[in-house]
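Engineer: Got a structure for you, input10.csv, holding CSV, N, CA and C atoms.
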chain,number,residue,atom,x,y,z
A,1319,MET,N,34.4,4.8,-16.5
A,1319,MET,CA,33.1,5.4,-16.5
A,1319,MET,C,33.1,6.8,-16.1
A,1320,PRO,N,32.4,7.7,-16.8
A,1320,PRO,CA,32.4,9.1,-16.5
A,1320,PRO,C,31.8,9.3,-15.1
A,1321,ARG,N,32.3,10.4,-14.5
A,1321,ARG,CA,31.9,10.6,-13.1
A,1321,ARG,C,30.4,10.9,-12.9
A,1322,ASN,N,29.8,11.7,-13.9
A,1322,ASN,CA,28.4,12.0,-13.7
A,1322,ASN,C,27.5,10.8,-13.9
A,1323,ARG,N,27.9,9.8,-14.7
A,1323,ARG,CA,27.1,8.6,-14.8
A,1323,ARG,C,27.1,7.8,-13.5
A,1324,LEU,N,28.2,7.8,-12.8
A,1324,LEU,CA,28.3,7.1,-11.5
A,1324,LEU,C,27.4,7.8,-10.5
A,1325,TRP,N,27.4,9.1,-10.5
A,1325,TRP,CA,26.5,9.8,-9.6
A,1325,TRP,C,25.0,9.6,-9.9
A,1326,THR,N,24.7,9.5,-11.2
A,1326,THR,CA,23.3,9.2,-11.5
A,1326,THR,C,22.9,7.8,-11.0
A,1327,ARG,N,23.8,6.8,-11.1
A,1327,ARG,CA,23.5,5.5,-10.7
A,1327,ARG,C,23.2,5.4,-9.2
A,1328,GLU,N,24.0,6.1,-8.4
A,1328,GLU,CA,23.8,6.2,-6.9
A,1328,GLU,C,22.5,6.9,-6.6
A,1329,GLU,N,22.2,8.0,-7.3
A,1329,GLU,CA,21.0,8.7,-7.0
A,1329,GLU,C,19.8,7.8,-7.3
A,1330,THR,N,19.9,7.1,-8.4
A,1330,THR,CA,18.8,6.2,-8.8
A,1330,THR,C,18.5,5.1,-7.7
A,1331,ARG,N,19.6,4.6,-7.2
A,1331,ARG,CA,19.4,3.6,-6.1
A,1331,ARG,C,18.8,4.2,-4.9
A,1332,MET,N,19.2,5.4,-4.5
A,1332,MET,CA,18.7,6.0,-3.3
A,1332,MET,C,17.2,6.4,-3.6
A,1333,LEU,N,16.8,6.8,-4.8
A,1333,LEU,CA,15.4,7.1,-5.1
A,1333,LEU,C,14.6,5.9,-5.0
A,1334,GLY,N,15.1,4.7,-5.4
A,1334,GLY,CA,14.4,3.5,-5.3
A,1334,GLY,C,14.2,3.1,-3.8
A,1335,ALA,N,15.2,3.3,-3.0
A,1335,ALA,CA,15.0,3.1,-1.6
A,1335,ALA,C,14.0,4.0,-1.0
A,1336,ILE,N,14.0,5.2,-1.3
A,1336,ILE,CA,13.0,6.2,-0.8
A,1336,ILE,C,11.6,5.8,-1.3
A,1337,GLN,N,11.5,5.3,-2.5
A,1337,GLN,CA,10.2,4.9,-3.1
A,1337,GLN,C,9.7,3.8,-2.3
A,1338,GLN,N,10.5,2.8,-1.9
A,1338,GLN,CA,10.0,1.7,-1.1
A,1338,GLN,C,9.5,2.2,0.3
A,1339,VAL,N,10.2,3.1,0.9
A,1339,VAL,CA,9.7,3.6,2.2
A,1339,VAL,C,8.4,4.4,2.0
A,1340,MET,N,8.3,5.2,1.0
A,1340,MET,CA,7.1,5.9,0.7
A,1340,MET,C,5.9,5.0,0.4
A,1341,THR,N,6.2,3.9,-0.3
A,1341,THR,CA,5.2,2.9,-0.6
A,1341,THR,C,4.7,2.3,0.7
A,1342,GLY,N,5.5,2.0,1.6
A,1342,GLY,CA,5.1,1.5,2.9
A,1342,GLY,C,4.3,2.4,3.7
A,1343,ILE,N,4.7,3.7,3.7
A,1343,ILE,CA,3.9,4.7,4.4
A,1343,ILE,C,2.5,4.9,3.8
A,1344,ILE,N,2.4,5.0,2.5
A,1344,ILE,CA,1.2,5.2,1.8
A,1344,ILE,C,0.3,4.0,2.0
A,1345,LEU,N,0.8,2.8,1.9
A,1345,LEU,CA,0.1,1.6,2.1
A,1345,LEU,C,-0.5,1.5,3.5
A,1346,HIS,N,0.3,1.9,4.5
A,1346,HIS,CA,-0.2,1.9,5.9
A,1346,HIS,C,-1.4,2.9,6.0
A,1347,CYS,N,-1.2,4.1,5.4
A,1347,CYS,CA,-2.3,5.1,5.5
A,1347,CYS,C,-3.6,4.6,4.8
A,1348,LEU,N,-3.4,3.9,3.7
A,1348,LEU,CA,-4.5,3.3,3.0
A,1348,LEU,C,-5.2,2.2,3.9
A,1349,GLY,N,-4.5,1.5,4.6
A,1349,GLY,CA,-5.0,0.5,5.5
A,1349,GLY,C,-5.8,1.2,6.6
A,1350,LEU,N,-5.3,2.3,7.1
A,1350,LEU,CA,-6.1,3.1,8.1
A,1350,LEU,C,-7.4,3.6,7.5
A,1351,LEU,N,-7.3,4.1,6.3
A,1351,LEU,CA,-8.5,4.6,5.6
A,1351,LEU,C,-9.5,3.5,5.4
A,1352,TRP,N,-9.1,2.3,5.0
A,1352,TRP,CA,-10.0,1.2,4.9
A,1352,TRP,C,-10.6,0.8,6.2
A,1353,MET,N,-9.8,0.8,7.3
A,1353,MET,CA,-10.4,0.5,8.6
A,1353,MET,C,-11.4,1.6,9.0
A,1354,TYR,N,-11.2,2.8,8.8
A,1354,TYR,CA,-12.1,3.9,9.1
A,1354,TYR,C,-13.4,3.7,8.3
A,1355,LEU,N,-13.3,3.4,7.0
A,1355,LEU,CA,-14.5,3.2,6.2
A,1355,LEU,C,-15.3,2.0,6.6
A,1356,LEU,N,-14.6,0.9,7.1
A,1356,LEU,CA,-15.3,-0.3,7.6
A,1356,LEU,C,-16.1,0.1,8.8
A,1357,LEU,N,-15.5,0.8,9.7
A,1357,LEU,CA,-16.2,1.2,11.0
A,1357,LEU,C,-17.3,2.1,10.7
A,1358,THR,N,-17.2,3.1,9.8
A,1358,THR,CA,-18.3,4.0,9.6
A,1358,THR,C,-19.3,3.4,8.8
A,1359,GLN,N,-19.0,2.4,7.9
A,1359,GLN,CA,-20.0,1.6,7.2
A,1359,GLN,C,-20.9,0.9,8.1
A,1360,THR,N,-20.4,0.3,9.2
A,1360,THR,CA,-21.2,-0.4,10.1
A,1360,THR,C,-22.2,0.5,10.9
A,1361,THR,N,-21.7,1.7,11.3
A,1361,THR,CA,-22.6,2.6,12.0
A,1361,THR,C,-23.6,3.3,11.0
A,1362,ALA,N,-23.2,3.6,9.8
A,1362,ALA,CA,-24.1,4.3,8.8
A,1362,ALA,C,-25.2,3.4,8.2
A,1363,PHE,N,-24.8,2.2,7.9
A,1363,PHE,CA,-25.7,1.3,7.2
A,1363,PHE,C,-26.2,0.1,7.9
A,1364,GLY,N,-25.5,-0.3,8.9
A,1364,GLY,CA,-25.9,-1.5,9.7
A,1364,GLY,C,-25.5,-2.8,9.0
A,1365,ALA,N,-25.1,-2.6,7.7
A,1365,ALA,CA,-24.6,-3.8,6.9
A,1365,ALA,C,-23.1,-3.6,6.8
A,1366,THR,N,-22.5,-4.7,6.8
A,1366,THR,CA,-21.0,-4.7,6.7
A,1366,THR,C,-20.5,-5.5,5.5
A,1367,TYR,N,-19.5,-4.9,4.8
A,1367,TYR,CA,-18.8,-5.7,3.9
A,1367,TYR,C,-17.3,-5.7,4.4
A,1368,ILE,N,-16.8,-6.8,4.7
A,1368,ILE,CA,-15.5,-6.9,5.3
A,1368,ILE,C,-14.5,-7.1,4.2
A,1369,PRO,N,-13.6,-6.2,4.0
A,1369,PRO,CA,-12.6,-6.3,2.9
A,1369,PRO,C,-11.6,-7.4,3.2
A,1370,LEU,N,-11.3,-8.1,2.1
A,1370,LEU,CA,-10.3,-9.2,2.2
A,1370,LEU,C,-9.0,-8.7,2.7
A,1371,ALA,N,-8.6,-7.5,2.2
A,1371,ALA,CA,-7.3,-6.9,2.5
A,1371,ALA,C,-7.2,-6.6,4.0
A,1372,LEU,N,-8.3,-6.2,4.6
A,1372,LEU,CA,-8.3,-5.9,6.1
A,1372,LEU,C,-8.4,-7.2,6.9
A,1373,LEU,N,-9.0,-8.2,6.3
A,1373,LEU,CA,-9.2,-9.5,7.0
A,1373,LEU,C,-7.8,-10.1,7.2
A,1374,THR,N,-7.0,-10.0,6.2
A,1374,THR,CA,-5.6,-10.5,6.2
A,1374,THR,C,-4.6,-9.6,6.8
A,1375,ALA,N,-5.0,-8.3,7.1
A,1375,ALA,CA,-4.2,-7.3,7.6
A,1375,ALA,C,-3.0,-7.0,6.7
A,1376,TYR,N,-3.2,-7.1,5.4
A,1376,TYR,CA,-2.2,-6.9,4.4
A,1376,TYR,C,-1.6,-5.5,4.4
A,1377,PRO,N,-2.4,-4.4,4.5
A,1377,PRO,CA,-1.8,-3.1,4.5
A,1377,PRO,C,-0.8,-2.8,5.7
A,1378,PHE,N,-1.0,-3.5,6.8
A,1378,PHE,CA,-0.2,-3.2,7.9
A,1378,PHE,C,1.1,-4.0,7.9
A,1379,TRP,N,1.1,-5.3,7.7
A,1379,TRP,CA,2.3,-6.1,7.7
A,1379,TRP,C,3.2,-5.8,6.5
A,1380,SER,N,2.5,-5.6,5.3
A,1380,SER,CA,3.3,-5.4,4.1
A,1380,SER,C,4.0,-4.0,4.2
A,1381,SER,N,3.3,-3.0,4.8
A,1381,SER,CA,3.9,-1.7,4.9
A,1381,SER,C,5.2,-1.7,5.7
A,1382,LEU,N,5.2,-2.5,6.8
A,1382,LEU,CA,6.4,-2.7,7.6
A,1382,LEU,C,7.5,-3.3,6.8
A,1383,LEU,N,7.1,-4.3,6.0
A,1383,LEU,CA,8.1,-5.0,5.1
A,1383,LEU,C,8.7,-4.0,4.1
A,1384,PHE,N,7.9,-3.2,3.5
A,1384,PHE,CA,8.4,-2.2,2.5
A,1384,PHE,C,9.3,-1.2,3.2
A,1385,ILE,N,9.0,-0.7,4.4
A,1385,ILE,CA,9.8,0.2,5.1
A,1385,ILE,C,11.1,-0.4,5.5
A,1386,PHE,N,11.1,-1.6,6.0
A,1386,PHE,CA,12.4,-2.3,6.3
A,1386,PHE,C,13.2,-2.5,5.1
A,1387,THR,N,12.6,-2.9,3.9
A,1387,THR,CA,13.4,-3.1,2.7
A,1387,THR,C,14.1,-1.8,2.3
A,1388,GLY,N,13.3,-0.7,2.4
A,1388,GLY,CA,13.9,0.6,2.0
A,1388,GLY,C,15.0,1.0,3.0
A,1389,ALA,N,14.9,0.7,4.3
A,1389,ALA,CA,15.9,1.0,5.3
A,1389,ALA,C,17.1,0.2,5.0
A,1390,PHE,N,17.0,-1.1,4.7
A,1390,PHE,CA,18.1,-1.9,4.4
A,1390,PHE,C,18.9,-1.4,3.2
A,1391,THR,N,18.2,-0.9,2.2
A,1391,THR,CA,18.8,-0.4,1.0
A,1391,THR,C,19.5,0.9,1.3
A,1392,VAL,N,19.0,1.8,2.1
A,1392,VAL,CA,19.6,3.0,2.5
A,1392,VAL,C,20.9,2.7,3.3
A,1393,SER,N,20.8,1.8,4.2
A,1393,SER,CA,22.0,1.5,5.0
A,1393,SER,C,23.0,0.8,4.2
A,1394,LEU,N,22.6,0.0,3.1
A,1394,LEU,CA,23.6,-0.6,2.3
A,1394,LEU,C,24.4,0.5,1.5
A,1395,GLU,N,23.8,1.6,1.1
A,1395,GLU,CA,24.5,2.6,0.4
A,1395,GLU,C,25.5,3.3,1.3
A,1396,LYS,N,25.2,3.3,2.6
A,1396,LYS,CA,26.2,4.0,3.6
A,1396,LYS,C,27.3,3.1,4.0
A,1397,ILE,N,26.9,1.8,4.3
A,1397,ILE,CA,27.9,0.8,4.8
A,1397,ILE,C,27.8,-0.4,3.9
A,1398,ARG,N,28.9,-0.7,3.3
A,1398,ARG,CA,29.0,-1.8,2.4
A,1398,ARG,C,29.5,-3.0,3.2
A,1399,SER,N,28.7,-4.1,3.3
A,1399,SER,CA,29.2,-5.3,4.0
A,1399,SER,C,28.5,-6.5,3.3
A,1400,PRO,N,29.1,-7.6,3.2
A,1400,PRO,CA,28.5,-8.8,2.5
A,1400,PRO,C,27.2,-9.2,3.2
A,1401,ILE,N,27.2,-9.2,4.5
A,1401,ILE,CA,25.9,-9.6,5.2
A,1401,ILE,C,24.8,-8.7,4.9
A,1402,LEU,N,25.0,-7.4,4.9
A,1402,LEU,CA,24.0,-6.4,4.6
A,1402,LEU,C,23.6,-6.5,3.1
A,1403,VAL,N,24.5,-6.8,2.2
A,1403,VAL,CA,24.1,-7.1,0.8
A,1403,VAL,C,23.1,-8.2,0.7
A,1404,SER,N,23.4,-9.3,1.4
A,1404,SER,CA,22.5,-10.5,1.3
A,1404,SER,C,21.2,-10.2,2.0
A,1405,TYR,N,21.2,-9.5,3.1
A,1405,TYR,CA,19.9,-9.1,3.7
A,1405,TYR,C,19.1,-8.2,2.8
A,1406,THR,N,19.7,-7.3,2.2
A,1406,THR,CA,19.0,-6.4,1.3
A,1406,THR,C,18.5,-7.1,0.0
A,1407,LEU,N,19.2,-8.0,-0.5
A,1407,LEU,CA,18.8,-8.8,-1.6
A,1407,LEU,C,17.6,-9.7,-1.3
A,1408,VAL,N,17.7,-10.3,-0.1
A,1408,VAL,CA,16.5,-11.2,0.3
A,1408,VAL,C,15.3,-10.3,0.6
A,1409,ALA,N,15.5,-9.1,1.2
A,1409,ALA,CA,14.4,-8.3,1.5
A,1409,ALA,C,13.7,-7.7,0.2
A,1410,ASN,N,14.5,-7.4,-0.8
A,1410,ASN,CA,14.0,-6.9,-2.0
A,1410,ASN,C,13.2,-8.0,-2.8
A,1411,ILE,N,13.7,-9.3,-2.7
A,1411,ILE,CA,13.0,-10.4,-3.3
A,1411,ILE,C,11.6,-10.7,-2.6
A,1412,VAL,N,11.7,-10.7,-1.3
A,1412,VAL,CA,10.5,-10.9,-0.5
A,1412,VAL,C,9.5,-9.7,-0.7
A,1413,SER,N,10.0,-8.5,-0.8
A,1413,SER,CA,9.2,-7.4,-1.1
A,1413,SER,C,8.5,-7.4,-2.4
A,1414,ALA,N,9.2,-7.9,-3.5
A,1414,ALA,CA,8.5,-8.1,-4.8
A,1414,ALA,C,7.5,-9.2,-4.7
A,1415,CYS,N,7.7,-10.3,-4.0
A,1415,CYS,CA,6.7,-11.3,-3.9
A,1415,CYS,C,5.5,-10.8,-3.1
A,1416,ILE,N,5.7,-10.0,-2.1
A,1416,ILE,CA,4.6,-9.5,-1.3
A,1416,ILE,C,3.8,-8.5,-2.2
A,1417,SER,N,4.4,-7.8,-3.1
A,1417,SER,CA,3.7,-6.9,-4.0
A,1417,SER,C,2.8,-7.7,-4.9
A,1418,VAL,N,3.3,-8.8,-5.4
A,1418,VAL,CA,2.4,-9.7,-6.3
A,1418,VAL,C,1.3,-10.2,-5.5
A,1419,ILE,N,1.5,-10.7,-4.2
A,1419,ILE,CA,0.4,-11.2,-3.4
A,1419,ILE,C,-0.6,-10.1,-3.2
A,1420,GLY,N,-0.2,-8.8,-2.9
A,1420,GLY,CA,-1.1,-7.7,-2.8
A,1420,GLY,C,-2.0,-7.5,-4.0
A,1421,LEU,N,-1.3,-7.6,-5.2
A,1421,LEU,CA,-2.1,-7.4,-6.4
A,1421,LEU,C,-3.1,-8.5,-6.6
A,1422,LEU,N,-2.8,-9.7,-6.3
A,1422,LEU,CA,-3.7,-10.8,-6.4
A,1422,LEU,C,-4.8,-10.7,-5.3
A,1423,LEU,N,-4.5,-10.3,-4.2
A,1423,LEU,CA,-5.4,-10.1,-3.1
A,1423,LEU,C,-6.5,-9.1,-3.4
A,1424,LEU,N,-6.0,-8.0,-4.0
A,1424,LEU,CA,-7.0,-6.9,-4.3
A,1424,LEU,C,-7.8,-7.3,-5.6
A,1425,SER,N,-7.2,-8.0,-6.5
A,1425,SER,CA,-8.0,-8.5,-7.6
A,1425,SER,C,-9.1,-9.4,-7.2
A,1426,VAL,N,-8.8,-10.4,-6.3
A,1426,VAL,CA,-9.8,-11.3,-5.8
A,1426,VAL,C,-10.9,-10.5,-5.1
A,1427,GLU,N,-10.5,-9.5,-4.3
A,1427,GLU,CA,-11.4,-8.7,-3.5
A,1427,GLU,C,-12.4,-8.0,-4.5
A,1428,PHE,N,-11.8,-7.4,-5.5
A,1428,PHE,CA,-12.7,-6.7,-6.5
A,1428,PHE,C,-13.7,-7.6,-7.2
A,1429,ILE,N,-13.2,-8.8,-7.5
A,1429,ILE,CA,-14.1,-9.8,-8.2
A,1429,ILE,C,-15.2,-10.2,-7.2
A,1430,ILE,N,-14.8,-10.5,-6.0
A,1430,ILE,CA,-15.8,-11.0,-5.0
A,1430,ILE,C,-16.8,-9.9,-4.7
A,1431,TYR,N,-16.4,-8.6,-4.6
A,1431,TYR,CA,-17.3,-7.5,-4.3
A,1431,TYR,C,-18.2,-7.3,-5.5
A,1432,SER,N,-17.7,-7.4,-6.7
A,1432,SER,CA,-18.5,-7.1,-7.9
A,1432,SER,C,-19.6,-8.2,-8.1
A,1433,LYS,N,-19.3,-9.4,-7.7
A,1433,LYS,CA,-20.2,-10.5,-7.8
A,1433,LYS,C,-21.2,-10.6,-6.7
A,1434,SER,N,-20.9,-10.1,-5.5
A,1434,SER,CA,-21.7,-10.2,-4.4
A,1434,SER,C,-22.7,-9.1,-4.2
A,1435,SER,N,-22.4,-7.9,-4.7
A,1435,SER,CA,-23.3,-6.8,-4.4
A,1435,SER,C,-23.9,-6.2,-5.7
A,1436,LYS,N,-25.1,-5.9,-5.7
A,1436,LYS,CA,-25.8,-5.4,-6.9
A,1436,LYS,C,-25.5,-3.9,-7.1
A,1437,ASN,N,-25.4,-3.1,-6.0
A,1437,ASN,CA,-25.0,-1.7,-6.1
A,1437,ASN,C,-24.3,-1.3,-4.9
A,1438,SER,N,-23.5,-0.3,-5.0
A,1438,SER,CA,-22.7,0.1,-3.9
A,1438,SER,C,-23.5,1.0,-2.9
A,1439,LEU,N,-23.2,0.9,-1.6
A,1439,LEU,CA,-24.0,1.6,-0.6
A,1439,LEU,C,-23.6,3.1,-0.6
A,1440,TRP,N,-22.3,3.4,-0.7
A,1440,TRP,CA,-21.8,4.7,-0.5
A,1440,TRP,C,-22.4,5.7,-1.5
A,1441,PRO,N,-22.3,5.4,-2.8
A,1441,PRO,CA,-22.9,6.4,-3.8
A,1441,PRO,C,-24.4,6.6,-3.5
A,1442,HIS,N,-25.1,5.6,-3.1
A,1442,HIS,CA,-26.5,5.8,-2.8
A,1442,HIS,C,-26.7,6.8,-1.6
A,1443,VAL,N,-26.0,6.6,-0.6
A,1443,VAL,CA,-26.1,7.5,0.6
A,1443,VAL,C,-25.6,8.9,0.2
A,1444,LEU,N,-24.6,9.0,-0.5
A,1444,LEU,CA,-24.0,10.3,-0.9
A,1444,LEU,C,-25.0,11.1,-1.8
A,1445,ALA,N,-25.6,10.3,-2.7
A,1445,ALA,CA,-26.6,11.0,-3.6
A,1445,ALA,C,-27.8,11.5,-2.9
A,1446,ASN,N,-28.3,10.8,-1.9
A,1446,ASN,CA,-29.4,11.2,-1.1
A,1446,ASN,C,-29.0,12.4,-0.2
A,1447,SER,N,-27.8,12.4,0.3
A,1447,SER,CA,-27.3,13.6,1.1
A,1447,SER,C,-27.2,14.8,0.2
A,1448,PHE,N,-26.7,14.6,-1.0
A,1448,PHE,CA,-26.5,15.7,-1.9
A,1448,PHE,C,-27.9,16.3,-2.3
A,1449,ARG,N,-28.8,15.4,-2.5
A,1449,ARG,CA,-30.2,15.8,-2.9
A,1449,ARG,C,-30.8,16.6,-1.7
A,1450,ASN,N,-30.6,16.2,-0.5
A,1450,ASN,CA,-31.1,16.9,0.6
A,1450,ASN,C,-30.5,18.3,0.8
A,1451,ILE,N,-29.2,18.4,0.5
A,1451,ILE,CA,-28.5,19.7,0.6
A,1451,ILE,C,-29.0,20.6,-0.4
A,1452,CYS,N,-29.2,20.1,-1.7
A,1452,CYS,CA,-29.6,21.0,-2.8
A,1452,CYS,C,-31.1,21.4,-2.6
A,1453,SER,N,-31.9,20.7,-1.9
A,1453,SER,CA,-33.3,21.1,-1.7
A,1453,SER,C,-33.5,22.3,-0.8
A,1454,TYR,N,-32.5,22.7,-0.1
A,1454,TYR,CA,-32.6,23.8,0.8
A,1454,TYR,C,-32.7,25.0,0.0
How would this structure read if it were set down as structure tokens?
Structural biologist:
Amino acid sequence: MPRNRLWTREETRMLGAIQQVMTGIILHCLGLLWMYLLLTQTTAFGATYIPLALLTAYPFWSSLLFIFTGAFTVSLEKIRSPILVSYTLVANIVSACISVIGLLLLSVEFIIYSKSSKNSLWPHVLANSFRNICSY
């Protein structure tokens, strides 16, 4: 195998590991944003819609799993051992399953929200705020 193709394969694996870590960080930040919106929704409207993803704490425990999976993959690139290979393989399989669970969870949440509410609260409040600002 030519040397530059081997280098490309190693870089692709490292980029995949970095992508898993970044996915975990972004998912955790998204969970914090959801939590902030839930708390401000309660104070602004008095009505609450509790997101299913926050109820299950999916953004927080899944982000840790994605970060650990990326860390296992990075450590596998540095230290090759049979035990670490099996841990990384299991972590990647569990990570893929957790991703599918997250997609299903968000799909169910979108369906429940679209069936339960006639209109969204945030656009209504933002439109009124914008109208008040423009009237000055």
Engineer: Just to confirm, what's the straight-line distance from atom C of Leu1424 in chain A to CA of Phe1390 in chain A in Å (one decimal)?
Structural biologist: 28.3 Å
Engineer: Please report the interatomic distance between atom C of Ser1399 in chain A and atom C of Val1412 in chain A in Å with one decimal.
Structural biologist: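 Rounded to one decimal, the two atoms are 19.7 Å apart.
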Engineer: Using Å and a single decimal, report how far CA of Ala1389 in chain A sits from CA of Val1418 in chain A.
Structural biologist: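 Value for the CA of Val1418 in chain A-CA of Ala1389 in chain A distance: 20.8 Å.
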Engineer: Using all atoms listed in the file, find all polymer residues with an atom at most 8 Å away from the point (10.0, -6.6, 2.8); report them as a list in words.
Structural biologist: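 Residues with an atom at most 8 Å from (10.0, -6.6, 2.8): Trp1379, Ser1380, Ser1381, Leu1382, Leu1383, Phe1384, Ile1385, Phe1386, Thr1387, Gly1388, Val1408, Ala1409, Asn1410, Ile1411, Val1412, Ser1413, Ala1414 and Ile1416 of chain A.
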